[in-house]
There are 2 protein chains.
Amino acid sequence: MADTAPSSLVSGRPASARRRYGNRPTMKDVAARAGVGLKTVSRVVNGEPGVTPDTERRVQEAIEALGFRRNDSARVLRKGRTASIGLVLEDLADPFYGPLSRAVEEVARAHGALLINGSSAEDPEREQELALALCARRVDGLIVIPAGDDHRYLEPEIRAGVATVFVDRPAGRIDADTVLSDSFGGARDGVAHLIAHGHRRIGFVGDQPRIHTAVERLRGYRAAMADAGLPVADAWVSLGSTAPERVRAAVAGMVGGPEPVTALLAGNNRVTVTAVRVLAETREPVALVGFDDLDLADLLGITVIAQDAAALGRTAAERLFRRLDGAAGEPRRVTLPTRLIPRGTGETPPPGLRK
Amino acid sequence: MADTAPSSLVSGRPASARRRYGNRPTMKDVAARAGVGLKTVSRVVNGEPGVTPDTERRVQEAIEALGFRRNDSARVLRKGRTASIGLVLEDLADPFYGPLSRAVEEVARAHGALLINGSSAEDPEREQELALALCARRVDGLIVIPAGDDHRYLEPEIRAGVATVFVDRPAGRIDADTVLSDSFGGARDGVAHLIAHGHRRIGFVGDQPRIHTAVERLRGYRAAMADAGLPVADAWVSLGSTAPERVRAAVAGMVGGPEPVTALLAGNNRVTVTAVRVLAETREPVALVGFDDLDLADLLGITVIAQDAAALGRTAAERLFRRLDGAAGEPRRVTLPTRLIPRGTGETPPPGLRK
DNA sequence: CCCAGCTCTGACAACGTTGTCCAGGCCTAT
DNA sequence: ATAGGCCTGGACAACGTTGTCAGAGCTGGG
C-alpha cells in the first residue's frame, strides 16, 4: 500500500531523491553538515560579515568536504542581475571580430561579467533569434553587430532595461547607442591616396548593399572621385557577396573590361584577400588599397585602411557598462577614425606614369 | 502614519513594487491579463498541448501587449539544464582559436545550446577562475584548452555531472576526454620534409616548455633528426615566450651562430609570423616550415603544417554532447592528423646544394 | 543584579518558472 | 437521463539562492 501512495507523503526526501544538476550539494546540505543554518552558509559563501571565525571554519570544511559550489542560476533569479553580457556578431572566425570580441571580454571581465558570444552568419533572422535568446537569459546588456536593418524587435527588451549598444553598423529603425568606424572617411582617404598616385580609373568591390558599411564605403569612394572631378563608370563598382568566386569575377571584369581600372579599393578584408590573389596573376600591376588590416599584410606590402577592431569593442563595452551603472541621456553615436597604412600596393603608379 | 509603516504591511503589492529586471512582466502578469491560470500561460509559451485555440489566442495577445519574454534563469533553476556550454581558450583574438570557437558554437547551436567563451591569456590561475565561474553558472558542459597542467580542481565538477572535454592540449593529473592535433607527427613530418630537401642543420623555435604542444613538437623535431642520423646542436633549439622580440633574437642567433642553420621549424603561428619577418632580411635564404596555417600563407609561399582548428572544435563539441546525451565509457583521447602544405619556403634547398 | 544594546544566527518568504495532480465541463454511449 | 471518459485549466509545490526580520546569547554599565 505504501508504494502506491505519492512518494511525497511517504518519505520526507522527495527533494534529495530527484536532485537536479547530477546530485550537487546545495547550501542546505552544507548547512546540515556544518550544523548551522542555511543563511549562515550563504553569509560565508558571500563573505558577508557577522560570522564567528569558528563557525566560518566549520562551514568552510563542510563546503570543502562536499565539493559545494554556489548555483549562480538561483542567485541570478534572486538578485535580478546575471553579471553577463551578450555579443551578437557576424562570425567569430573572421579575423576582424576575434579581437573585437576579445576586447569586449576584457572590459566585461573588469566589471566581473562573463561574455556570451553568438554568430549571426550575416543572417538577420539568426541575429534576432540570438539576441532574443540572450535577452531570455537575462543578460544585463547586449552588444550587437547588426546583420539586419530593423531592430524594432529589441524595443521591449530595451524598455525592460537591457542596455544595448550597436557596433560597426548602426541600428535599424530604432535609436540606440552606436559605435562605428569612419567607413566613409576611410574609403574617401584610400581613394584619394590612389588618385594622388596618379590613378584615374579606380574600381570598388564591396560587400552586399544591405550592409551599412558597404554603402558608406561606396559613398566615400564616390566622394573622393567627385572631389577629384573623375567620372565613375558603372562597370567599376560592384557590391555583392564576398564569396571568393563572386569577388574574383568582379575584379576580373574591372581589370579586363573595355575601360580597365588601374587601381582598386577592396571593401573589406575578405575582398582584399581574394583581390590580392587575382591581381597576382594580372599582366599589368594593378594598385590596391584594402579596407581592414590583415595579419601578414606588411610582408605582402598591402596598403590598407586599418580599423581598430579592439578599440571598437572596447568603446562599445565601456559605453554599455556606463549605461548599466546608471548613465542616462540620449543615445550617442561615436565614430572612430581609420588609419591609412601605405605598404606598397597602394603606391604603385598606373602604367602610363611608370618610368 | 501609513507612510512610516513598512510597505509590505500596508500594501498587498510588495512583489510588483520591487520587481527585478527593470519591471519585466512575468507569466503571472500575462495570466492575469489574459484571464487564465499561470500554468496555461506556461503551456502556451512552451507549445505544450492541451490549450484550446481560443485560449491560446488570448494568451498570445497578452504576451504581445505586455512584451513578455520568458525568464530562462528561472527556467534553468527549475529544469536543471542551462542549455549552455562553456569554452575556455587561450585568446579569442588568435586566428587559431576563432575558427575553433566558431565550430564549437555551430555544434552547440545544433543542440540548442549557447556558448560562453572565456580567454585564459595562457594564465593557469585565470583558466581555473574562468572554468569554475562557468561551473557556477551551471553550464551543462565545459570545453577547456588548458593553460595550466593541473586540472584536479575540476574533479568535483566532473563528478557532479559537468561533461568536460579538453582540446589542443591534454588535461593535467586527471583522466578526461581529450581531442588533440598530432603535434609530434606533424613536427616530425615537417622536419623530414626539410631533410628530404637537403637540409642538415635545422633549427626549432617553439613556445614555452610548460605547454604540451610545444614539447610534443620538439619531440617530433628530435625524432626526425634522429631518424635521419643527424645531430642536434643545443643552439638550434629554443623554447620560450612567443613574443616577437624573443623569437626574433632566437632566430637571429640560430641563423647567425657558429653553426648556422639552413632551415627552421617554427613552433606555431605567432613564431612563424616573426620568423618570416626576420628571414626576409637574411642574406642567404633560410628554409622555413611553420606549424599552423596562416591566412595569407599561400600568397607568401610559406610551407606549413596545417592543423584543422575547426575540426578540433567540432570533434570536441560533438564528444561533449554525446556525453551529455548519456554516453558512458572511459575517457577517450582522439588525435587528429595534420597536413603538410608545401608552398615554397619549405622547399628551398640549402646553399650548398643550390645550383 | 538587571537590563540595554550588541553580535551572531536561523526561520521564512520571495525570485519566475515548470511538474504534478485534481476538478470541473463536455461529450458519448447505453 | 446518466455514467464514464476525455479534455481543458488551475492550484500548489519545488528548484537553490538571498533579503528581512526577529530571537538568542553575551557584555558592560547603572
# chains A, B, ... in the order shown; residues from 1 in each chain; ligands from 1

$ interface_residues --of "chain C" --to "chain A" --cutoff "9 Å" --atoms "only C-alpha atoms (C1' of nucleotides)" --output "list in words"
DT7, DC8, DT9, DG10, DA11, DA14, DC15 and DG16 of chain C

$ write_last_selection --atoms "N, CA and C atoms (P, O5', C5', C4', C3', O3' and C1' of nucleotides)" --output "compact mmCIF listing (two decimals), in the first residue's frame"
# COMPACT_ATOMS: atom_id res chain seq x y z
P DT C 7 27.90 45.14 17.01
O5' DT C 7 27.99 43.58 17.27
C5' DT C 7 28.78 43.07 18.35
C4' DT C 7 28.65 41.56 18.35
C3' DT C 7 28.79 40.94 16.96
O3' DT C 7 29.58 39.77 17.08
C1' DT C 7 26.71 40.32 17.91
P DC C 8 30.09 39.06 15.71
O5' DC C 8 29.09 37.84 15.58
C5' DC C 8 29.11 36.84 16.61
C4' DC C 8 27.86 35.99 16.48
C3' DC C 8 27.72 35.23 15.15
O3' DC C 8 27.79 33.85 15.45
C1' DC C 8 25.66 36.21 15.83
P DT C 9 27.77 32.79 14.26
O5' DT C 9 26.22 32.49 14.13
C5' DT C 9 25.55 31.84 15.21
C4' DT C 9 24.07 31.79 14.91
C3' DT C 9 23.70 31.04 13.63
O3' DT C 9 23.18 29.78 14.02
C1' DT C 9 22.38 33.01 13.97
P DG C 10 22.79 28.72 12.90
O5' DG C 10 21.26 29.04 12.65
C5' DG C 10 20.37 28.98 13.75
C4' DG C 10 18.98 29.41 13.32
C3' DG C 10 18.43 28.68 12.09
O3' DG C 10 17.07 28.45 12.32
C1' DG C 10 18.37 30.99 11.71
P DA C 11 16.34 27.24 11.63
O5' DA C 11 14.86 27.83 11.47
C5' DA C 11 14.30 28.63 12.52
C4' DA C 11 13.16 29.48 11.97
C3' DA C 11 12.34 28.83 10.85
O3' DA C 11 10.98 29.21 11.05
C1' DA C 11 13.33 30.83 10.05
P DA C 14 5.97 36.26 0.31
O5' DA C 14 6.97 36.57 -0.88
C5' DA C 14 7.96 37.58 -0.74
C4' DA C 14 9.05 37.32 -1.75
C3' DA C 14 8.53 36.92 -3.14
O3' DA C 14 8.83 37.97 -4.04
C1' DA C 14 10.35 35.54 -2.41
P DC C 15 8.19 37.94 -5.50
O5' DC C 15 9.41 37.59 -6.45
C5' DC C 15 10.63 38.34 -6.45
C4' DC C 15 11.66 37.54 -7.20
C3' DC C 15 11.10 36.85 -8.45
O3' DC C 15 11.31 37.69 -9.58
C1' DC C 15 12.59 35.43 -7.19
P DG C 16 10.02 38.04 -10.51
O5' DG C 16 9.91 36.74 -11.42
C5' DG C 16 10.90 36.49 -12.39
C4' DG C 16 10.72 35.10 -12.95
C3' DG C 16 9.37 34.88 -13.64
O3' DG C 16 9.62 34.21 -14.85
C1' DG C 16 9.76 33.21 -12.02

$ calpha_fit_and_write --fixed "chain B" --moving "chain A" --output "compact mmCIF listing (two decimals) with C-alpha atoms, in the first residue's frame"
# COMPACT_ATOMS: atom_id res chain seq x y z
CA MET A 1 1.26 55.49 11.16
CA ALA A 2 0.71 53.54 8.04
CA ASP A 3 3.94 54.80 6.54
CA THR A 4 6.04 53.45 9.36
CA ALA A 5 4.68 49.95 9.07
CA PRO A 6 6.45 47.44 6.81
CA SER A 7 5.15 47.93 3.31
CA SER A 8 4.39 44.28 2.93
CA LEU A 9 1.76 44.57 5.60
CA VAL A 10 0.27 47.73 4.24
CA SER A 11 0.04 47.11 0.52
CA GLY A 12 -0.46 43.96 -1.43
CA ARG A 13 2.05 44.89 -4.10
CA PRO A 14 5.54 44.55 -2.70
CA ALA A 15 6.42 42.23 -5.53
CA SER A 16 5.38 44.54 -8.31
CA ALA A 17 6.85 47.52 -6.48
CA ARG A 18 10.43 46.29 -6.58
CA ARG A 19 10.48 44.32 -9.74
CA ARG A 20 13.77 43.07 -11.00
CA TYR A 21 14.89 43.24 -14.59
CA GLY A 22 13.69 46.79 -15.01
CA ASN A 23 10.00 46.04 -14.70
CA ARG A 24 9.69 43.17 -17.04
CA PRO A 25 6.32 41.47 -17.22
CA THR A 26 6.19 37.94 -15.88
CA MET A 27 3.93 35.05 -16.67
CA LYS A 28 1.81 36.14 -13.74
CA ASP A 29 1.22 39.49 -15.41
CA VAL A 30 0.36 37.83 -18.67
CA ALA A 31 -2.01 35.49 -16.88
CA ALA A 32 -3.74 38.37 -15.16
CA ARG A 33 -4.17 40.29 -18.38
CA ALA A 34 -5.42 37.28 -20.31
CA GLY A 35 -7.67 36.28 -17.46
CA VAL A 36 -6.21 32.79 -17.21
CA GLY A 37 -4.08 30.84 -14.77
CA LEU A 38 -0.34 31.06 -14.50
CA LYS A 39 0.24 27.53 -15.70
CA THR A 40 -1.82 28.10 -18.81
CA VAL A 41 0.53 30.85 -19.84
CA SER A 42 3.44 28.51 -19.24
CA ARG A 43 1.75 25.96 -21.45
CA VAL A 44 1.27 28.40 -24.27
CA VAL A 45 4.80 29.72 -24.04
CA ASN A 46 6.24 26.24 -24.20
CA GLY A 47 3.87 24.97 -26.83
CA GLU A 48 2.52 22.28 -24.55
CA PRO A 49 -0.72 20.61 -25.57
CA GLY A 50 -4.01 20.99 -23.78
CA VAL A 51 -4.92 24.60 -24.47
CA THR A 52 -7.99 25.58 -26.50
CA PRO A 53 -7.25 27.71 -29.55
CA ASP A 54 -9.35 30.49 -28.08
CA THR A 55 -7.45 30.55 -24.79
CA GLU A 56 -4.18 30.35 -26.62
CA ARG A 57 -5.11 33.37 -28.69
CA ARG A 58 -6.00 35.42 -25.63
CA VAL A 59 -2.69 34.51 -24.03
CA GLN A 60 -0.74 35.31 -27.18
CA GLU A 61 -2.38 38.71 -27.34
CA ALA A 62 -1.46 39.45 -23.75
CA ILE A 63 2.13 38.36 -24.41
CA GLU A 64 2.27 40.60 -27.43
CA ALA A 65 0.72 43.55 -25.64
CA LEU A 66 3.03 43.33 -22.64
CA GLY A 67 6.16 42.46 -24.57
CA PHE A 68 6.66 39.42 -22.38
CA ARG A 69 9.70 37.22 -22.82
CA ARG A 70 10.26 34.14 -20.73
CA ASN A 71 12.95 34.46 -18.10
CA ASP A 72 15.32 31.63 -18.85
CA SER A 73 17.15 32.15 -15.59
CA ALA A 74 14.13 30.99 -13.68
CA ARG A 75 13.56 28.23 -16.17
CA VAL A 76 17.11 27.01 -15.71
CA LEU A 77 16.74 26.99 -11.97
CA ARG A 78 13.65 24.90 -12.26
CA LYS A 79 14.79 22.53 -14.97
CA GLY A 80 18.38 22.02 -13.98
CA ARG A 81 19.78 22.34 -17.49
CA THR A 82 21.03 25.61 -18.88
CA ALA A 83 21.38 24.65 -22.52
CA SER A 84 24.69 26.43 -22.58
CA ILE A 85 28.26 25.23 -22.70
CA GLY A 86 31.47 26.97 -21.82
CA LEU A 87 34.66 27.22 -23.84
CA VAL A 88 37.86 28.31 -22.17
CA LEU A 89 40.53 29.06 -24.72
CA GLU A 90 43.71 30.99 -24.86
CA ASP A 91 42.87 34.05 -26.91
CA LEU A 92 39.87 34.56 -29.12
CA ALA A 93 41.84 37.07 -31.15
CA ASP A 94 44.29 34.40 -32.25
CA PRO A 95 43.39 33.25 -35.77
CA PHE A 96 43.75 29.65 -34.66
CA TYR A 97 41.04 29.85 -32.01
CA GLY A 98 38.46 31.88 -33.90
CA PRO A 99 37.55 29.05 -36.24
CA LEU A 100 37.78 26.54 -33.42
CA SER A 101 35.31 28.51 -31.36
CA ARG A 102 33.04 28.98 -34.32
CA ALA A 103 32.98 25.24 -34.96
CA VAL A 104 32.04 24.59 -31.34
CA GLU A 105 29.32 27.19 -31.63
CA GLU A 106 27.82 25.48 -34.66
CA VAL A 107 27.62 22.14 -32.91
CA ALA A 108 26.13 23.79 -29.85
CA ARG A 109 23.58 25.54 -32.00
CA ALA A 110 22.57 22.24 -33.54
CA HIS A 111 21.85 21.04 -30.01
CA GLY A 112 20.00 24.21 -29.07
CA ALA A 113 22.72 25.44 -26.77
CA LEU A 114 24.50 28.74 -26.44
CA LEU A 115 28.22 29.15 -26.07
CA ILE A 116 30.02 31.19 -23.45
CA ASN A 117 33.62 31.98 -24.37
CA GLY A 118 36.44 32.94 -22.11
CA SER A 119 40.06 33.75 -22.83
CA SER A 120 42.64 32.54 -20.35
CA ALA A 121 45.46 34.58 -21.88
CA GLU A 122 47.65 31.54 -21.24
CA ASP A 123 47.40 32.16 -17.51
CA PRO A 124 46.62 28.99 -15.49
CA GLU A 125 45.04 30.97 -12.68
CA ARG A 126 42.77 32.79 -15.06
CA GLU A 127 41.87 29.51 -16.73
CA GLN A 128 40.75 28.10 -13.40
CA GLU A 129 38.86 31.22 -12.46
CA LEU A 130 37.04 31.17 -15.78
CA ALA A 131 36.26 27.47 -15.75
CA LEU A 132 34.87 27.63 -12.25
CA ALA A 133 32.83 30.74 -13.03
CA LEU A 134 31.30 28.83 -15.91
CA CYS A 135 30.56 25.93 -13.60
CA ALA A 136 28.89 28.29 -11.17
CA ARG A 137 26.67 29.36 -14.05
CA ARG A 138 25.88 25.71 -14.34
CA VAL A 139 26.90 25.30 -17.95
CA ASP A 140 25.95 21.81 -19.00
CA GLY A 141 29.40 21.15 -20.36
CA LEU A 142 32.84 22.60 -20.55
CA ILE A 143 35.46 22.58 -23.27
CA VAL A 144 38.88 23.61 -22.09
CA ILE A 145 42.05 24.45 -23.92
CA PRO A 146 44.37 24.12 -20.97
CA ALA A 147 46.71 26.88 -19.95
CA GLY A 148 47.74 25.15 -16.75
CA ASP A 149 48.91 21.62 -16.13
CA ASP A 150 46.85 20.68 -13.11
CA HIS A 151 43.12 20.31 -13.55
CA ARG A 152 42.26 18.55 -10.34
CA TYR A 153 40.28 21.63 -9.44
CA LEU A 154 37.66 20.39 -11.91
CA GLU A 155 37.19 17.04 -10.21
CA PRO A 156 34.24 18.05 -8.05
CA GLU A 157 32.58 19.64 -11.05
CA ILE A 158 33.04 16.60 -13.23
CA ARG A 159 31.76 14.37 -10.46
CA ALA A 160 28.78 16.68 -10.15
CA GLY A 161 27.95 16.05 -13.76
CA VAL A 162 29.60 18.79 -15.81
CA ALA A 163 30.69 17.07 -19.02
CA THR A 164 34.23 18.16 -19.77
CA VAL A 165 36.39 17.81 -22.86
CA PHE A 166 39.93 19.06 -23.27
CA VAL A 167 41.15 20.27 -26.64
CA ASP A 168 44.49 21.01 -28.23
CA ARG A 169 46.37 20.08 -25.09
CA PRO A 170 45.78 17.26 -22.61
CA ALA A 171 44.39 17.72 -19.13
CA GLY A 172 46.83 17.71 -16.25
CA ARG A 173 46.60 15.15 -13.46
CA ILE A 174 43.07 14.07 -14.28
CA ASP A 175 41.65 11.59 -16.72
CA ALA A 176 39.27 13.17 -19.21
CA ASP A 177 38.08 13.18 -22.79
CA THR A 178 40.67 14.85 -24.96
CA VAL A 179 40.97 15.90 -28.59
CA LEU A 180 44.43 16.70 -29.86
CA SER A 181 46.26 17.43 -33.08
CA ASP A 182 49.16 15.19 -33.85
CA SER A 183 51.84 17.64 -32.80
CA PHE A 184 54.55 15.04 -32.61
CA GLY A 185 53.83 13.53 -36.00
CA GLY A 186 53.31 16.88 -37.64
CA ALA A 187 56.61 18.25 -36.44
CA ARG A 188 58.42 15.07 -37.38
CA ASP A 189 56.97 15.18 -40.88
CA GLY A 190 57.88 18.84 -41.26
CA VAL A 191 61.48 18.26 -40.27
CA ALA A 192 61.69 15.14 -42.41
CA HIS A 193 60.49 17.28 -45.29
CA LEU A 194 63.34 19.73 -44.73
CA ILE A 195 65.83 16.89 -44.44
CA ALA A 196 64.55 15.42 -47.68
CA HIS A 197 65.34 18.72 -49.34
CA GLY A 198 68.93 18.45 -48.27
CA HIS A 199 69.05 20.31 -44.97
CA ARG A 200 71.29 19.06 -42.17
CA ARG A 201 71.37 21.94 -39.73
CA ILE A 202 67.77 22.66 -38.75
CA GLY A 203 66.52 24.87 -35.92
CA PHE A 204 63.37 24.71 -33.84
CA VAL A 205 61.71 27.75 -32.25
CA GLY A 206 58.76 26.84 -30.06
CA ASP A 207 56.43 28.06 -27.37
CA GLN A 208 57.06 27.83 -23.63
CA PRO A 209 58.01 24.36 -22.37
CA ARG A 210 55.06 24.18 -19.98
CA ILE A 211 52.80 24.05 -23.01
CA HIS A 212 52.21 20.48 -24.05
CA THR A 213 52.12 21.07 -27.80
CA ALA A 214 55.44 22.88 -27.64
CA VAL A 215 57.07 19.90 -26.01
CA GLU A 216 55.46 17.42 -28.40
CA ARG A 217 56.59 19.38 -31.41
CA LEU A 218 60.08 19.49 -30.04
CA ARG A 219 59.91 15.74 -29.58
CA GLY A 220 58.83 15.38 -33.18
CA TYR A 221 61.70 17.57 -34.30
CA ARG A 222 64.22 15.51 -32.36
CA ALA A 223 62.73 12.26 -33.61
CA ALA A 224 63.07 13.32 -37.24
CA MET A 225 66.65 14.43 -36.70
CA ALA A 226 67.48 11.19 -34.92
CA ASP A 227 65.79 9.13 -37.63
CA ALA A 228 68.11 10.77 -40.15
CA GLY A 229 71.12 10.31 -37.91
CA LEU A 230 71.63 14.06 -37.59
CA PRO A 231 73.01 15.73 -34.48
CA VAL A 232 71.16 18.58 -32.78
CA ALA A 233 73.20 21.42 -31.39
CA ASP A 234 71.85 23.08 -28.25
CA ALA A 235 71.87 26.41 -30.01
CA TRP A 236 69.40 25.13 -32.57
CA VAL A 237 66.57 24.67 -30.11
CA SER A 238 64.73 27.48 -28.40
CA LEU A 239 61.56 27.26 -26.36
CA GLY A 240 60.01 30.29 -24.74
CA SER A 241 57.57 33.14 -25.08
CA THR A 242 56.20 33.76 -28.56
CA ALA A 243 56.56 37.51 -28.16
CA PRO A 244 58.08 38.93 -31.37
CA GLU A 245 61.25 40.21 -29.67
CA ARG A 246 62.05 36.87 -28.14
CA VAL A 247 61.42 34.98 -31.35
CA ARG A 248 63.37 37.52 -33.35
CA ALA A 249 66.36 37.08 -31.07
CA ALA A 250 66.11 33.31 -31.15
CA VAL A 251 65.95 33.14 -34.93
CA ALA A 252 68.76 35.66 -35.35
CA GLY A 253 70.89 33.61 -32.98
CA MET A 254 70.39 30.40 -34.93
CA VAL A 255 70.93 31.95 -38.33
CA GLY A 256 73.94 33.99 -37.31
CA GLY A 257 75.57 31.55 -34.89
CA PRO A 258 78.82 29.62 -35.29
CA GLU A 259 76.94 26.65 -36.75
CA PRO A 260 74.22 28.50 -38.66
CA VAL A 261 71.06 26.60 -39.46
CA THR A 262 69.90 26.44 -43.06
CA ALA A 263 66.32 25.66 -42.18
CA LEU A 264 63.84 26.31 -39.41
CA LEU A 265 60.74 24.72 -37.94
CA ALA A 266 58.49 27.38 -36.41
CA GLY A 267 56.50 26.01 -33.49
CA ASN A 268 53.22 27.83 -34.07
CA ASN A 269 51.56 30.57 -36.11
CA ARG A 270 52.93 33.46 -34.04
CA VAL A 271 56.45 32.15 -34.33
CA THR A 272 56.04 31.63 -38.06
CA VAL A 273 54.94 35.21 -38.63
CA THR A 274 57.93 36.64 -36.83
CA ALA A 275 60.30 34.13 -38.42
CA VAL A 276 59.13 35.08 -41.89
CA ARG A 277 59.83 38.72 -41.09
CA VAL A 278 63.29 38.02 -39.79
CA LEU A 279 64.22 35.64 -42.58
CA ALA A 280 63.13 38.18 -45.17
CA GLU A 281 66.18 40.16 -44.11
CA THR A 282 68.84 37.43 -44.10
CA ARG A 283 71.48 37.29 -46.81
CA GLU A 284 71.27 33.59 -47.48
CA PRO A 285 67.74 32.27 -47.86
CA VAL A 286 66.74 30.04 -44.95
CA ALA A 287 64.15 27.34 -45.47
CA LEU A 288 61.08 27.45 -43.23
CA VAL A 289 58.26 25.17 -42.26
CA GLY A 290 55.64 26.60 -39.91
CA PHE A 291 53.27 24.79 -37.61
CA ASP A 292 49.68 26.06 -38.17
CA ASP A 293 48.39 27.46 -41.39
CA LEU A 294 48.08 31.22 -41.94
CA ASP A 295 45.59 33.24 -43.89
CA LEU A 296 47.82 34.48 -46.69
CA ALA A 297 50.46 31.81 -46.43
CA ASP A 298 49.72 30.58 -49.93
CA LEU A 299 50.52 33.99 -51.41
CA LEU A 300 53.71 34.22 -49.43
CA GLY A 301 54.65 30.67 -50.36
CA ILE A 302 55.05 29.57 -46.77
CA THR A 303 55.21 25.82 -46.28
CA VAL A 304 53.18 24.80 -43.25
CA ILE A 305 51.99 21.89 -41.21
CA ALA A 306 48.29 22.62 -41.07
CA GLN A 307 46.01 21.66 -38.23
CA ASP A 308 42.30 21.70 -38.78
CA ALA A 309 41.19 24.02 -35.99
CA ALA A 310 37.55 23.72 -36.94
CA ALA A 311 37.76 19.93 -36.86
CA LEU A 312 39.30 20.07 -33.40
CA GLY A 313 36.42 22.20 -32.16
CA ARG A 314 33.78 20.15 -33.91
CA THR A 315 35.13 16.85 -32.66
CA ALA A 316 35.38 18.09 -29.10
CA ALA A 317 31.89 19.56 -29.13
CA GLU A 318 30.40 16.41 -30.59
CA ARG A 319 32.08 14.32 -27.93
CA LEU A 320 30.74 16.71 -25.29
CA PHE A 321 27.17 16.46 -26.46
CA ARG A 322 27.40 12.71 -26.71
CA ARG A 323 28.39 12.69 -23.05
CA LEU A 324 25.52 15.01 -22.26
CA ASP A 325 23.21 12.63 -24.05
CA GLY A 326 24.32 10.00 -21.62
CA ALA A 327 27.23 8.28 -23.32
CA ALA A 328 29.17 6.45 -20.64
CA GLY A 329 32.53 4.75 -20.77
CA GLU A 330 36.13 5.57 -20.15
CA PRO A 331 37.50 8.96 -21.18
CA ARG A 332 38.80 8.76 -24.72
CA ARG A 333 41.72 10.50 -26.38
CA VAL A 334 41.39 11.38 -30.05
CA THR A 335 44.31 12.57 -32.14
CA LEU A 336 43.60 14.34 -35.41
CA PRO A 337 46.18 14.19 -38.19
CA THR A 338 48.03 17.22 -39.51
CA ARG A 339 48.77 17.96 -43.14
CA LEU A 340 51.97 19.25 -44.65
CA ILE A 341 51.32 21.86 -47.33
CA PRO A 342 54.41 22.60 -49.46
CA ARG A 343 54.33 26.13 -50.82
CA GLY A 344 57.90 27.16 -51.31
CA THR A 345 59.75 28.11 -48.15
CA GLY A 346 59.99 24.49 -47.11
CA GLU A 347 61.45 23.38 -50.42
CA THR A 348 64.37 25.81 -50.64
CA PRO A 349 67.57 23.75 -50.69
CA PRO A 350 70.48 24.66 -48.43
CA PRO A 351 73.17 26.96 -49.90
CA GLY A 352 75.59 24.12 -50.57
CA LEU A 353 73.17 22.26 -52.79
CA ARG A 354 72.01 25.29 -54.70
CA LYS A 355 72.94 25.35 -58.34

$ select_by_dssp --residues "range 169-237 of chain A" --states "helix (DSSP H, G or I)" --output "JSON, numbers by chain"
{"A": [183, 184, 185, 186, 187, 188, 189, 190, 191, 192, 193, 194, 195, 196, 212, 213, 214, 215, 216, 217, 218, 219, 220, 221, 222, 223, 224, 225, 226, 227, 234, 235, 236]}

$ select_by_dssp --residues "range 192-262 of chain A" --states "strand (DSSP E or B)" --output "ChimeraX atom specification"
/A:202-206,237-239

$ atom_distance --atom1 "C1' of DT2 in chain D" --atom2 "C1' of DT30 in chain C"
9.1 Å

$ residues_around --residues "DA29 in chain C" --least-positions-apart "2" --cutoff "12 Å" --atoms "only C-alpha atoms (C1' of nucleotides)" --output "count of residues only"
6

$ interface_residues --of "chain D" --to "chain B" --cutoff "12 Å" --atoms "only C-alpha atoms (C1' of nucleotides)" --output "number ranges by chain"
D: 6-17, 20-21
